[in-house]
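Content type mmCIF, C-alpha atoms, from the file protein12.cif:
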data_input
loop_
_atom_site.label_atom_id
_atom_site.label_comp_id
_atom_site.auth_asym_id
_atom_site.auth_seq_id
_atom_site.Cartn_x
_atom_site.Cartn_y
_atom_site.Cartn_z
CA MET A 202 131.19 23.03 155.47
CA ASP A 203 133.82 20.81 153.88
CA GLY A 204 134.52 22.90 150.81
CA LYS A 205 133.63 20.10 148.38
CA GLU A 206 130.40 21.74 147.30
CA ASN A 207 130.38 25.16 145.68
CA ILE A 208 127.72 27.59 146.86
CA LEU A 209 126.34 29.40 143.84
CA SER A 210 126.36 33.15 143.39
CA PRO A 211 123.24 34.82 141.95
CA ALA A 212 122.87 34.50 138.18
CA GLY A 213 121.23 37.93 138.06
CA ARG A 214 121.29 40.95 140.34
CA ILE A 215 117.97 42.68 140.87
CA ARG A 216 117.67 46.31 140.06
CA GLY A 217 116.32 48.42 142.90
CA GLY A 218 115.14 47.06 146.20
CA VAL A 219 116.07 48.48 149.57
CA THR A 220 118.21 47.57 152.57
CA LEU A 221 116.06 47.16 155.66
CA PRO A 222 116.92 46.65 159.32
CA HIS A 223 116.56 42.92 159.92
CA LEU A 224 115.28 43.02 163.51
CA LYS A 225 115.32 39.21 163.60
CA GLY A 226 115.12 38.97 167.37
CA THR A 227 113.44 35.55 167.27
CA ALA A 228 116.00 33.89 164.98
CA ASP A 229 117.29 31.73 167.84
CA SER A 230 113.88 31.21 169.43
CA GLU A 231 112.86 27.57 169.08
CA SER A 232 109.21 27.25 168.09
CA VAL A 233 106.74 26.46 170.86
CA ILE A 234 103.46 24.65 170.31
CA MET A 235 100.45 26.66 171.38
CA PRO A 236 97.76 24.69 173.25
CA PRO A 237 94.43 24.57 171.43
CA PRO A 238 92.24 27.59 172.17
CA ALA A 239 88.68 27.13 173.46
CA THR A 240 87.29 28.02 170.04
CA VAL A 241 88.66 28.29 166.52
CA ARG A 242 86.99 30.07 163.61
CA ILE A 243 88.27 28.60 160.36
CA PRO A 244 87.65 30.67 157.19
CA MET A 245 86.69 28.97 153.95
CA ARG A 246 88.69 31.63 152.08
CA GLN A 247 92.39 31.31 152.94
CA HIS A 248 93.80 31.46 149.45
CA ILE A 249 93.62 33.13 146.08
CA GLY A 250 90.60 31.87 144.12
CA ALA A 251 87.18 30.53 145.02
CA PRO A 252 86.43 29.92 148.71
CA ALA A 253 85.89 26.38 149.96
CA GLU A 254 82.34 25.13 150.64
CA PRO A 255 81.57 23.82 154.16
CA VAL A 256 80.79 20.09 154.37
CA VAL A 257 80.01 19.96 158.11
CA ASN A 258 77.06 21.14 160.20
CA ALA A 259 76.47 22.32 163.75
CA GLY A 260 76.78 19.41 166.16
CA ASP A 261 79.22 17.38 164.04
CA LYS A 262 82.20 15.80 165.79
CA VAL A 263 85.52 16.62 164.13
CA PHE A 264 89.14 15.65 164.66
CA VAL A 265 92.45 17.27 163.74
CA GLY A 266 92.64 16.88 159.97
CA THR A 267 88.94 16.26 159.33
CA LEU A 268 87.75 17.79 156.04
CA ILE A 269 85.40 20.68 156.85
CA GLY A 270 85.41 22.51 153.50
CA LYS A 271 85.74 21.13 149.97
CA ALA A 272 87.44 23.13 147.22
CA GLY A 273 84.99 25.53 145.57
CA GLY A 274 86.50 25.33 142.10
CA TYR A 275 89.68 24.61 140.17
CA VAL A 276 91.58 27.54 141.72
CA SER A 277 90.65 26.70 145.28
CA ALA A 278 91.80 24.50 148.17
CA PRO A 279 90.06 22.32 150.74
CA VAL A 280 90.06 23.27 154.42
CA HIS A 281 90.50 20.96 157.42
CA SER A 282 89.82 21.17 161.13
CA SER A 283 92.80 22.29 163.19
CA VAL A 284 91.43 20.94 166.50
CA SER A 285 89.28 18.09 167.72
CA GLY A 286 85.89 18.97 169.12
CA MET A 287 82.35 19.93 168.09
CA VAL A 288 81.17 22.18 165.27
CA LYS A 289 79.23 25.07 166.83
CA GLY A 290 78.01 26.46 163.54
CA ILE A 291 78.79 28.12 160.22
CA GLU A 292 78.82 31.90 160.36
CA GLU A 293 79.62 34.81 158.06
CA TYR A 294 82.61 36.96 159.04
CA SER A 295 84.70 39.58 157.31
CA VAL A 296 88.01 38.03 156.28
CA GLY A 297 90.48 40.32 154.56
CA GLY A 298 87.72 42.84 153.93
CA GLN A 299 85.42 40.27 152.28
CA SER A 300 82.45 38.44 153.76
CA CYS A 301 83.34 34.78 154.15
CA LYS A 302 81.83 31.62 155.63
CA CYS A 303 83.69 30.35 158.67
CA VAL A 304 83.33 27.02 160.49
CA VAL A 305 83.32 27.65 164.23
CA ILE A 306 84.61 24.71 166.27
CA GLU A 307 84.59 24.31 170.05
CA SER A 308 87.77 22.49 170.98
CA ASP A 309 87.77 19.56 173.39
CA GLY A 310 91.45 20.21 174.17
CA LEU A 311 92.50 16.68 173.16
CA MET A 312 93.86 17.39 169.65
CA GLU A 313 92.94 13.88 168.49
CA PRO A 314 93.95 13.20 164.87
CA ASP A 315 91.32 11.99 162.45
CA PRO A 316 91.49 8.16 162.52
CA SER A 317 91.01 7.99 158.74
CA LEU A 318 94.31 9.74 157.99
CA SER A 319 97.04 7.66 156.37
CA SER A 320 100.12 8.13 154.22
CA PHE A 321 99.62 9.19 150.61
CA ASN A 322 101.13 7.19 147.76
CA ALA A 323 102.57 9.58 145.16
CA GLU A 324 104.46 8.26 142.15
CA THR A 325 103.78 10.78 139.37
CA ARG A 326 103.46 14.53 138.89
CA ALA A 327 99.67 14.10 138.82
CA ASP A 328 99.93 12.32 142.18
CA ILE A 329 101.96 15.18 143.63
CA ALA A 330 99.38 17.70 142.43
CA GLU A 331 96.63 15.58 143.99
CA ALA A 332 98.61 15.38 147.23
CA CYS A 333 98.80 19.18 147.28
CA ASP A 334 95.04 19.28 146.81
CA LYS A 335 94.27 16.72 149.55
CA CYS A 336 96.68 18.53 151.88
CA GLY A 337 94.94 21.85 151.27
CA LEU A 338 98.36 23.29 150.48
CA VAL A 339 98.65 26.89 149.32
CA GLY A 340 101.65 29.16 148.93
CA LEU A 341 102.93 29.64 152.47
CA GLY A 342 105.17 32.58 151.64
CA GLY A 343 102.18 34.91 151.81
CA ALA A 344 100.41 34.85 148.44
CA GLY A 345 98.21 31.82 149.13
CA PHE A 346 98.05 30.48 145.55
CA PRO A 347 96.80 26.84 145.57
CA THR A 348 99.87 24.65 145.04
CA LYS A 349 97.82 22.06 143.15
CA VAL A 350 97.26 24.59 140.35
CA LYS A 351 100.94 25.57 140.28
CA LEU A 352 101.97 21.95 139.67
CA SER A 353 99.19 21.15 137.17
CA TYR A 354 101.07 22.48 134.15
CA SER A 355 100.70 20.80 130.75
CA ASP A 356 103.01 18.06 129.52
CA ASP A 357 104.23 20.44 126.81
CA THR A 358 105.62 22.83 129.43
CA LYS A 359 109.32 22.19 129.93
CA ILE A 360 110.39 22.78 133.52
CA ASP A 361 114.14 22.58 134.05
CA THR A 362 114.58 24.31 137.43
CA LEU A 363 112.91 23.92 140.82
CA ILE A 364 113.65 26.95 142.99
CA ILE A 365 113.29 26.49 146.74
CA ASN A 366 112.57 29.87 148.30
CA GLY A 367 114.28 30.21 151.66
CA ALA A 368 114.62 33.99 151.49
CA GLU A 369 112.82 35.80 154.29
CA CYS A 370 113.69 39.41 153.77
CA GLU A 371 111.06 41.34 155.77
CA PRO A 372 111.99 42.62 159.23
CA TYR A 373 110.98 40.54 162.28
CA ILE A 374 109.82 37.39 160.46
CA THR A 375 111.82 34.19 161.17
CA SER A 376 109.22 31.43 160.67
CA ASP A 377 110.77 30.07 157.45
CA TYR A 378 114.24 30.34 158.99
CA ARG A 379 113.12 28.21 161.93
CA ALA A 380 111.61 25.72 159.46
CA CYS A 381 115.09 25.28 157.96
CA ILE A 382 116.48 24.55 161.42
CA GLU A 383 113.64 22.57 163.02
CA ASP A 384 112.10 20.75 160.02
CA TYR A 385 115.41 19.91 158.43
CA GLU A 386 114.65 16.27 157.60
CA ASP A 387 111.26 17.06 156.04
CA VAL A 388 112.89 19.79 153.95
CA VAL A 389 115.72 17.50 152.79
CA ASP A 390 113.55 14.50 151.94
CA GLY A 391 110.81 16.73 150.50
CA ILE A 392 113.17 18.41 148.06
CA TYR A 393 114.51 15.14 146.70
CA PHE A 394 111.05 13.58 146.58
CA ILE A 395 109.53 16.48 144.64
CA LYS A 396 112.52 16.67 142.29
CA GLU A 397 112.24 12.96 141.47
CA LYS A 398 108.46 12.78 141.02
CA LEU A 399 108.25 15.97 138.97
CA GLY A 400 111.24 14.94 136.86
CA ILE A 401 112.93 18.33 137.21
CA PRO A 402 116.65 18.09 136.40
CA LYS A 403 117.95 20.95 138.58
CA VAL A 404 117.17 22.36 142.04
CA ILE A 405 118.43 25.67 143.40
CA ILE A 406 117.89 26.34 147.10
CA CYS A 407 117.99 30.10 147.63
CA ILE A 408 118.70 31.68 150.98
CA GLU A 409 120.01 35.07 152.08
CA SER A 410 123.61 35.45 153.15
CA ASN A 411 122.77 36.67 156.67
CA LYS A 412 121.16 33.37 157.70
CA GLU A 413 124.31 31.41 158.51
CA LYS A 414 122.76 28.61 160.59
CA ALA A 415 120.20 27.88 157.90
CA ILE A 416 122.93 28.00 155.23
CA SER A 417 124.90 25.38 157.18
CA LYS A 418 121.83 23.15 157.40
CA LEU A 419 120.87 23.58 153.76
CA TYR A 420 124.46 23.14 152.61
CA ALA A 421 124.20 19.57 153.78
CA ILE A 422 121.40 19.07 151.25
CA ALA A 423 123.48 20.37 148.38
CA SER A 424 126.41 18.08 149.27
CA ASP A 425 124.28 15.10 150.33
CA ARG A 426 125.24 11.65 149.06
CA LYS A 427 121.78 11.35 147.45
CA ASP A 428 122.80 14.07 145.01
CA THR A 429 124.87 11.77 142.82
CA ASP A 430 124.63 14.00 139.75
CA ASP A 431 125.28 17.26 141.64
CA SER A 432 121.93 18.67 140.51
CA VAL A 433 120.87 20.16 143.86
CA LYS A 434 122.70 23.42 144.54
CA LEU A 435 122.62 26.06 147.24
CA MET A 436 122.64 29.74 146.28
CA ARG A 437 123.58 32.52 148.68
CA LEU A 438 121.50 35.63 147.95
CA PRO A 439 122.25 39.22 148.99
CA ALA A 440 120.38 40.25 152.14
CA SER A 441 118.18 42.81 150.43
CA TYR A 442 114.45 43.43 150.10
CA PRO A 443 112.33 42.15 148.29
CA GLN A 444 114.70 39.27 147.53
CA GLY A 445 112.06 36.63 148.32
CA ALA A 446 109.44 37.82 145.81
CA GLU A 447 108.76 35.16 143.20
CA LYS A 448 109.78 37.07 140.08
CA VAL A 449 112.81 38.52 141.85
CA ILE A 450 114.08 35.16 143.09
CA ILE A 451 113.64 33.61 139.64
CA TYR A 452 115.82 36.33 138.16
CA SER A 453 118.40 35.95 140.93
CA ALA A 454 118.53 32.16 140.55
CA THR A 455 118.44 31.84 136.76
CA GLY A 456 118.80 35.27 135.17
CA ARG A 457 115.38 34.79 133.54
CA ARG A 458 112.65 37.41 133.58
CA VAL A 459 108.98 36.45 133.87
CA PRO A 460 107.09 38.60 131.33
CA ALA A 461 104.00 40.50 132.43
CA GLY A 462 100.97 38.24 132.44
CA LYS A 463 103.07 35.07 132.40
CA LEU A 464 103.81 32.45 135.05
CA PRO A 465 107.14 31.03 136.30
CA ALA A 466 106.40 27.82 134.37
CA ASP A 467 106.52 29.89 131.16
CA VAL A 468 110.25 30.44 131.76
CA GLY A 469 110.93 26.86 132.84
CA CYS A 470 110.75 27.37 136.62
CA ILE A 471 108.68 26.24 139.57
CA VAL A 472 109.11 28.14 142.84
CA MET A 473 108.18 26.54 146.17
CA ASN A 474 108.50 28.06 149.62
CA ILE A 475 110.68 25.99 151.93
CA THR A 476 107.87 25.61 154.49
CA SER A 477 105.54 24.41 151.71
CA VAL A 478 108.02 21.67 150.82
CA ALA A 479 108.15 20.45 154.43
CA ALA A 480 104.35 20.58 154.80
CA LEU A 481 103.79 18.59 151.59
CA TYR A 482 106.27 15.90 152.56
CA ARG A 483 104.73 15.55 156.04
CA PHE A 484 101.34 15.04 154.39
CA ILE A 485 102.72 12.36 152.08
CA LYS A 486 104.27 10.56 155.07
CA THR A 487 101.39 10.87 157.52
CA GLY A 488 98.27 12.06 155.70
CA MET A 489 97.97 15.02 158.07
CA PRO A 490 96.84 18.04 156.00
CA LEU A 491 97.77 21.67 156.59
CA VAL A 492 96.11 22.46 159.93
CA SER A 493 98.67 24.61 161.76
CA LYS A 494 101.21 27.31 160.99
CA ARG A 495 104.52 28.34 162.47
CA ILE A 496 104.29 32.11 162.87
CA THR A 497 106.60 34.77 164.28
CA VAL A 498 105.01 37.02 166.90
CA ASP A 499 107.18 40.11 167.26
CA GLY A 500 107.26 43.88 166.97
CA THR A 501 107.97 46.85 169.17
CA ALA A 502 104.81 46.29 171.24
CA VAL A 503 105.09 42.51 171.85
CA LYS A 504 106.20 41.65 175.38
CA GLU A 505 107.54 38.14 174.72
CA PRO A 506 108.49 37.74 171.03
CA LYS A 507 108.61 34.13 169.91
CA ASN A 508 107.94 31.63 167.16
CA ILE A 509 104.71 29.72 167.76
CA ILE A 510 103.06 26.74 166.05
CA VAL A 511 99.41 27.80 166.02
CA PRO A 512 96.20 25.93 165.06
CA ILE A 513 94.69 27.60 161.99
CA GLY A 514 91.62 29.61 162.98
CA THR A 515 93.07 30.80 166.30
CA SER A 516 92.26 34.43 167.05
CA VAL A 517 94.93 37.12 167.17
CA LYS A 518 93.84 37.83 170.74
CA ASP A 519 94.58 34.26 171.85
CA VAL A 520 97.95 34.25 170.08
CA LEU A 521 99.04 37.55 171.62
CA GLU A 522 97.99 36.39 175.08
CA PHE A 523 100.15 33.30 174.61
CA ALA A 524 103.03 35.64 173.67
CA GLY A 525 102.71 37.51 176.96
CA GLY A 526 100.46 40.29 175.65
CA VAL A 527 101.32 43.67 174.19
CA SER A 528 102.27 47.04 175.65
CA GLU A 529 99.65 49.68 176.40
CA ASP A 530 100.85 51.87 173.55
CA ALA A 531 100.32 49.16 170.92
CA ALA A 532 98.80 50.87 167.91
CA GLU A 533 98.83 48.49 164.93
CA ILE A 534 98.45 44.73 164.49
CA ILE A 535 99.78 43.44 161.17
CA PHE A 536 99.39 40.03 159.55
CA GLY A 537 102.87 39.54 158.12
CA GLY A 538 105.72 42.03 158.23
CA PRO A 539 105.80 45.84 158.22
CA MET A 540 106.44 46.08 154.46
CA MET A 541 103.86 43.80 152.80
CA GLY A 542 101.68 42.87 155.73
CA VAL A 543 98.03 43.86 156.06
CA ASP A 544 96.31 45.35 159.08
CA ALA A 545 94.27 42.98 161.20
CA VAL A 546 90.73 44.32 161.42
CA SER A 547 90.62 43.51 165.13
CA GLU A 548 91.96 41.09 167.73
CA ASN A 549 89.18 38.73 166.63
CA ALA A 550 90.85 38.22 163.24
CA VAL A 551 92.25 34.70 162.89
CA VAL A 552 95.43 32.97 161.77
CA GLU A 553 95.13 31.55 158.24
CA LYS A 554 97.22 29.16 156.16
CA ARG A 555 99.09 32.07 154.58
CA THR A 556 99.85 33.82 157.88
CA ASN A 557 103.59 33.75 158.59
CA ALA A 558 103.75 36.43 161.29
CA ILE A 559 101.82 38.75 163.56
CA THR A 560 103.67 42.03 164.03
CA VAL A 561 102.47 44.54 166.62
CA ILE A 562 103.83 48.07 166.45
CA ARG A 563 103.79 50.78 169.10
CA GLU A 564 102.02 54.06 168.57
CA ILE A 565 104.03 56.52 166.48
CA LEU A 566 103.95 59.79 168.37
CA LYS A 567 105.15 61.91 165.46
CA PRO A 568 103.35 60.81 162.29
CA ALA A 569 105.16 61.39 159.02
CA VAL A 570 104.13 64.55 157.21
CA THR A 571 103.32 64.07 153.53
CA THR A 572 104.73 66.78 151.28
CA PRO A 573 104.52 67.31 147.50
CA CYS A 574 106.57 65.07 145.21
CA ILE A 575 110.02 66.57 144.59
CA LYS A 576 110.60 64.41 141.47
CA CYS A 577 113.81 62.93 142.86
CA GLY A 578 113.27 59.55 141.16
CA ARG A 579 114.11 57.47 144.23
CA CYS A 580 110.89 55.48 143.91
CA ALA A 581 111.79 54.43 140.37
CA ARG A 582 115.33 53.47 141.37
CA ALA A 583 114.01 51.36 144.27
CA CYS A 584 111.38 49.50 142.23
CA PRO A 585 112.61 45.96 141.42
CA MET A 586 110.04 45.78 138.59
CA ARG A 587 111.42 48.92 136.88
CA LEU A 588 108.18 50.89 137.30
CA TYR A 589 107.67 54.62 137.85
CA PRO A 590 105.45 54.99 140.94
CA ALA A 591 105.49 58.80 140.87
CA SER A 592 104.15 58.76 137.31
CA VAL A 593 101.45 56.32 138.34
CA GLU A 594 100.46 58.59 141.21
CA ALA A 595 100.20 61.54 138.83
CA ALA A 596 98.05 59.53 136.39
CA VAL A 597 95.72 58.39 139.17
CA SER A 598 95.34 61.86 140.65
CA HIS A 599 94.39 63.29 137.24
CA GLY A 600 92.12 60.40 136.25
CA PHE A 601 94.31 59.34 133.31
CA THR A 602 93.27 55.67 133.39
CA GLU A 603 94.43 54.96 129.82
CA ARG A 604 97.92 56.08 130.72
CA LEU A 605 98.12 53.47 133.49
CA LYS A 606 98.22 50.68 130.91
CA GLY A 607 101.43 52.04 129.43
CA LEU A 608 102.97 52.33 132.88
CA ASN A 609 102.69 48.54 133.41
CA VAL A 610 100.95 48.90 136.75
CA ASP A 611 99.87 45.24 136.72
CA TYR A 612 103.52 44.26 137.15
CA CYS A 613 103.66 45.89 140.60
CA MET A 614 104.14 43.33 143.42
CA GLU A 615 103.20 45.89 146.12
CA CYS A 616 106.48 45.36 147.95
CA GLY A 617 106.43 48.85 149.47
CA SER A 618 109.97 49.80 148.44
CA CYS A 619 108.77 53.00 146.74
CA SER A 620 106.98 54.27 149.84
CA TYR A 621 109.94 53.32 152.04
CA VAL A 622 112.44 55.48 150.15
CA CYS A 623 110.16 58.44 149.33
CA PRO A 624 111.50 61.56 151.09
CA ALA A 625 108.10 63.24 150.67
CA LYS A 626 106.38 60.31 152.45
CA ARG A 627 103.93 59.87 149.57
CA PRO A 628 101.59 56.84 149.94
CA LEU A 629 102.92 55.33 146.72
CA THR A 630 102.22 51.68 147.51
CA GLN A 631 98.57 52.45 148.27
CA VAL A 632 98.37 54.41 145.02
CA MET A 633 99.77 51.45 143.09
CA ARG A 634 97.08 49.20 144.61
CA LEU A 635 94.43 51.74 143.67
CA ALA A 636 95.76 51.95 140.12
CA LYS A 637 95.66 48.16 139.71
CA ALA A 638 92.11 48.07 141.03
CA GLU A 639 91.10 50.82 138.59
CA LEU A 640 92.55 48.89 135.66
CA ARG A 641 90.64 45.76 136.73
CA ARG A 642 87.44 47.81 136.91
CA VAL A 643 87.97 49.21 133.42
CA LYS A 644 88.65 45.72 131.99
CA LYS A 645 85.38 44.46 133.43
#
Output the structure of this file as structure tokens.
Amino acid sequence: MDGKENILSPAGRIRGGVTLPHLKGTADSESVIMPPPATVRIPMRQHIGAPAEPVVNAGDKVFVGTLIGKAGGYVSAPVHSSVSGMVKGIEEYSVGGQSCKCVVIESDGLMEPDPSLSSFNAETRADIAEACDKCGLVGLGGAGFPTKVKLSYSDDTKIDTLIINGAECEPYITSDYRACIEDYEDVVDGIYFIKEKLGIPKVIICIESNKEKAISKLYAIASDRKDTDDSVKLMRLPASYPQGAEKVIIYSATGRRVPAGKLPADVGCIVMNITSVAALYRFIKTGMPLVSKRITVDGTAVKEPKNIIVPIGTSVKDVLEFAGGVSEDAAEIIFGGPMMGVDAVSENAVVEKRTNAITVIREILKPAVTTPCIKCGRCARACPMRLYPASVEAAVSHGFTERLKGLNVDYCMECGSCSYVCPAKRPLTQVMRLAKAELRRVKK
């Protein structure tokens, strides 16, 4: 760093949150490309919204990047083959607890790209939104919201800040961090390209202070000669959890709060994950859609933790075997990290677009004992959304559904901070999910 470019400090400090052990053992592990498995099972539902509809049949020949599922509605995203080979069939599987059509493909091991793929010409914001659609791009930070919809805001909406989310605050996960290091050129060129085509005057690249190598790489963006008007800035965020959550990072970067029921665009911001930026720019250059994911495979039960570039639709079993297997006392397989991740139903569950990690935890010999709430208020102090989880739990347990509306349960991001700090080991995060589901049921 040459000192010519100032690194911004946060415009706002989040209330609450927790300090977690980082456990980033794979931070210096260069990503390895996993060979194609014998079979992939690609779900048509890998995003928020309507599932895609299969457009292939058993016996069809497919290549890497071949369209196999068209978007099933406005809030949806197309799906593409991650391997070359033959379609075995279309079958129903449980994906995330919901029945979903999956295209099963037998790989030929060649990984031949679809010969029809070519670069995508994008000159306007509408072109960029279409590129996101053709790419099948969804939020790669975990939520899975179709990026096309995020960028299809009305001309009356004034966006003044593009926030690039490089925060990766959960333990173990280093996939975005490695993207900063390994996909540096796609990140750099992608940021400037998106800024220009969307006509957004200011860019803030947000990354946590404990990721020094990534800060050094990203600093070069902020001081790059392309940035003639000094409109691309780097911001060093505190290494706290959940710093990477969308509403939290908007407040940190701009000091603006996103009201309940509103979107980032309503406060003049667009937030894009740093891996999403790189994936979109690669598509524009090459025409290759989103067909693989860099994921971190780590946890107390993983024998050879590493970062792996995996074809979408690969089973957890195949991924873990490539990572050297797991210990005999492995007890829990999690898609994502230990705070916001979800349990894999079995080793047959598959990697999706929104998968950023597979974390495998050893058996806990002494399970935590849940005791009555002692009304200490730690859950409320830890909540970055200023909610009162203990009050929500009381309302749920007594069936006071009307009271849940006043407690702003819909604002909960399910970060798990309340459960983490609770001395009574109450299942507060699960209760918050239950309360949100109850409110949705009542509205219907």
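The gap separating atom CA of A:Asp361 from atom CA of A:Lys463 is 16.8 Å, in Å to one decimal.
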Legend entry - A:Cys584, A:Ile269, A:Ala330, A:Val339 ranked by distance to A:Tyr612, top pick (using only C-alpha atoms): A:Cys584
Legend entry - Neighbour list for A:Gly400 as a list in words, cut-off 12 Å, only C-alpha atoms, skip fewer than 2 positions in-chain: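 Residues near the query, excluding close chain neighbours: Glu324, Thr325, Arg326, Ala327, Ile329, Leu352, Asp356, Lys359, Ile360, Asp361, Thr362, Leu363, Ile392, Tyr393, Phe394, Ile395, Lys396, Glu397, Lys398, Pro402, Lys403, Val404, Ser432 and Ile471 of chain A.
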Legend entry - Minimum-distance residue to A:Tyr373, chosen among A:Thr501, A:Ile575, A:Ile565, A:Ser620 (using all atoms listed in the file):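 Selected residue with least distance to A:Tyr373: A:Thr501.
Nearest-residue note for A:Gly266: choosing from A:Leu341, A:Cys470, A:Ala569, A:Val492, the minimum distance belongs to A:Val492, counting all atoms listed in the file.
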Inset, instruction - Please check which residues have atoms at most 8 Å from (101.7, 66.7, 147.8) in the file's coordinates, counting all atoms listed in the file, and write them as a list in words. - result: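 I get Thr571, Thr572, Pro573, Cys574, Ala625 and Arg627 of chain A for the residues within 8 Å of that point.
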Legend entry - the PyMOL selection byres ((chain A and resi 407) around 9) resolved against shown file, as an NGL selection string: :A and (364-368 or 405-406 or 408-409 or 434-438 or 445 or 450 or 453-454)
Using all atoms listed in the file, what does the table of stretch 497-615 of chain A residues within 10 Å of stretch 241-264 of chain A look like, with each row giving the shortest atom pair and its distance in Å to one decimal, sorted by chain and ascending number, as a tab-separated table?
residue	atom	partner	partner_atom	distance
A:Pro512	CA	A:Val241	CA	8.0
A:Ile513	CA	A:Ile243	CA	6.7
A:Gly514	CA	A:Ile243	CA	4.4
A:Thr515	CA	A:Val241	CA	5.1
A:Ser516	CA	A:Val241	CA	7.1
A:Asp519	CA	A:Val241	CA	10.0
A:Asn549	CA	A:Arg242	CA	9.4
A:Ala550	CA	A:Arg242	CA	9.0
A:Val551	CA	A:Arg242	CA	7.0
A:Val552	CA	A:Ile243	CA	8.5
A:Glu553	CA	A:Gln247	CA	6.0
A:Lys554	CA	A:Gln247	CA	6.2
A:Arg555	CA	A:Gln247	CA	6.9
A:Thr556	CA	A:Gln247	CA	9.3
Legend entry - Atomic separation - atom CA of A:His281 relative to atom CA of A:Leu318, Å: 11.9 Å
Inset, instruction - Using all atoms listed in the file, pick whichever of A:Tyr385, A:Tyr589, A:Tyr420, A:Tyr275 has the shortest atom-to-atom distance to A:Val632. - result: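 Result for the nearest residue to A:Val632: A:Tyr589.
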Inset, instruction - For the file shown, report as a PyMOL selection string the outcome of the PyMOL selection byres ((chain A and resi 371) around 12) at residue level. - result: chain A and resi 218-225+342-343+368-370+372-378+409+440-446+497+537-542+557-558+560+616-618
Legend entry - Counting only C-alpha atoms, the option among A:Ala581, A:Ala636, A:Ile291, A:Val570 closest to A:Val597: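 Nearest to A:Val597: A:Ala636.
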Inset, instruction - Select, counting all atoms listed in the file, all protein, DNA and RNA residues no farther than 7 Å from (105.0, 27.0, 147.5) in file coordinates, and express the selection as a list in words. - result: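 Residues with an atom at most 7 Å from (105.0, 27.0, 147.5): Val339, Gly340, Leu341, Gly342, Thr348, Val472, Met473, Asn474, Ser477 and Val478 of chain A.
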Save stretch 239-270 of chain A of the structure in the block above to a file, with C-alpha atoms included, as a PDB file, in the first residue's frame.
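Result file selection-v6.pdb:
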ATOM      1  CA  ALA A 239     -19.817 -40.023 -12.348  1.00  0.00           C
ATOM      2  CA  THR A 240     -23.269 -38.491 -11.885  1.00  0.00           C
ATOM      3  CA  VAL A 241     -24.642 -35.081 -10.986  1.00  0.00           C
ATOM      4  CA  ARG A 242     -28.180 -34.337  -9.814  1.00  0.00           C
ATOM      5  CA  ILE A 243     -29.003 -30.721 -10.581  1.00  0.00           C
ATOM      6  CA  PRO A 244     -32.027 -29.230  -8.755  1.00  0.00           C
ATOM      7  CA  MET A 245     -34.393 -26.899 -10.549  1.00  0.00           C
ATOM      8  CA  ARG A 246     -34.840 -24.992  -7.262  1.00  0.00           C
ATOM      9  CA  GLN A 247     -31.544 -23.362  -6.260  1.00  0.00           C
ATOM     10  CA  HIS A 248     -32.840 -19.914  -5.465  1.00  0.00           C
ATOM     11  CA  ILE A 249     -35.582 -17.905  -3.832  1.00  0.00           C
ATOM     12  CA  GLY A 250     -38.706 -17.877  -6.015  1.00  0.00           C
ATOM     13  CA  ALA A 251     -40.238 -20.243  -8.541  1.00  0.00           C
ATOM     14  CA  PRO A 252     -38.222 -23.327  -9.543  1.00  0.00           C
ATOM     15  CA  ALA A 253     -36.914 -23.659 -13.086  1.00  0.00           C
ATOM     16  CA  GLU A 254     -38.700 -25.947 -15.562  1.00  0.00           C
ATOM     17  CA  PRO A 255     -36.640 -28.735 -17.206  1.00  0.00           C
ATOM     18  CA  VAL A 256     -36.122 -28.363 -20.974  1.00  0.00           C
ATOM     19  CA  VAL A 257     -34.222 -31.626 -21.533  1.00  0.00           C
ATOM     20  CA  ASN A 258     -35.278 -35.278 -21.584  1.00  0.00           C
ATOM     21  CA  ALA A 259     -33.689 -38.643 -20.858  1.00  0.00           C
ATOM     22  CA  GLY A 260     -31.165 -39.514 -23.547  1.00  0.00           C
ATOM     23  CA  ASP A 261     -30.292 -35.914 -24.467  1.00  0.00           C
ATOM     24  CA  LYS A 262     -26.624 -35.050 -24.926  1.00  0.00           C
ATOM     25  CA  VAL A 263     -25.520 -32.032 -22.890  1.00  0.00           C
ATOM     26  CA  PHE A 264     -22.338 -30.019 -22.499  1.00  0.00           C
ATOM     27  CA  VAL A 265     -20.969 -27.790 -19.753  1.00  0.00           C
ATOM     28  CA  GLY A 266     -23.181 -24.710 -19.891  1.00  0.00           C
ATOM     29  CA  THR A 267     -26.099 -26.263 -21.791  1.00  0.00           C
ATOM     30  CA  LEU A 268     -29.473 -24.879 -20.661  1.00  0.00           C
ATOM     31  CA  ILE A 269     -31.356 -27.659 -18.858  1.00  0.00           C
ATOM     32  CA  GLY A 270     -33.983 -25.596 -17.001  1.00  0.00           C
TER      33      GLY A 270
END
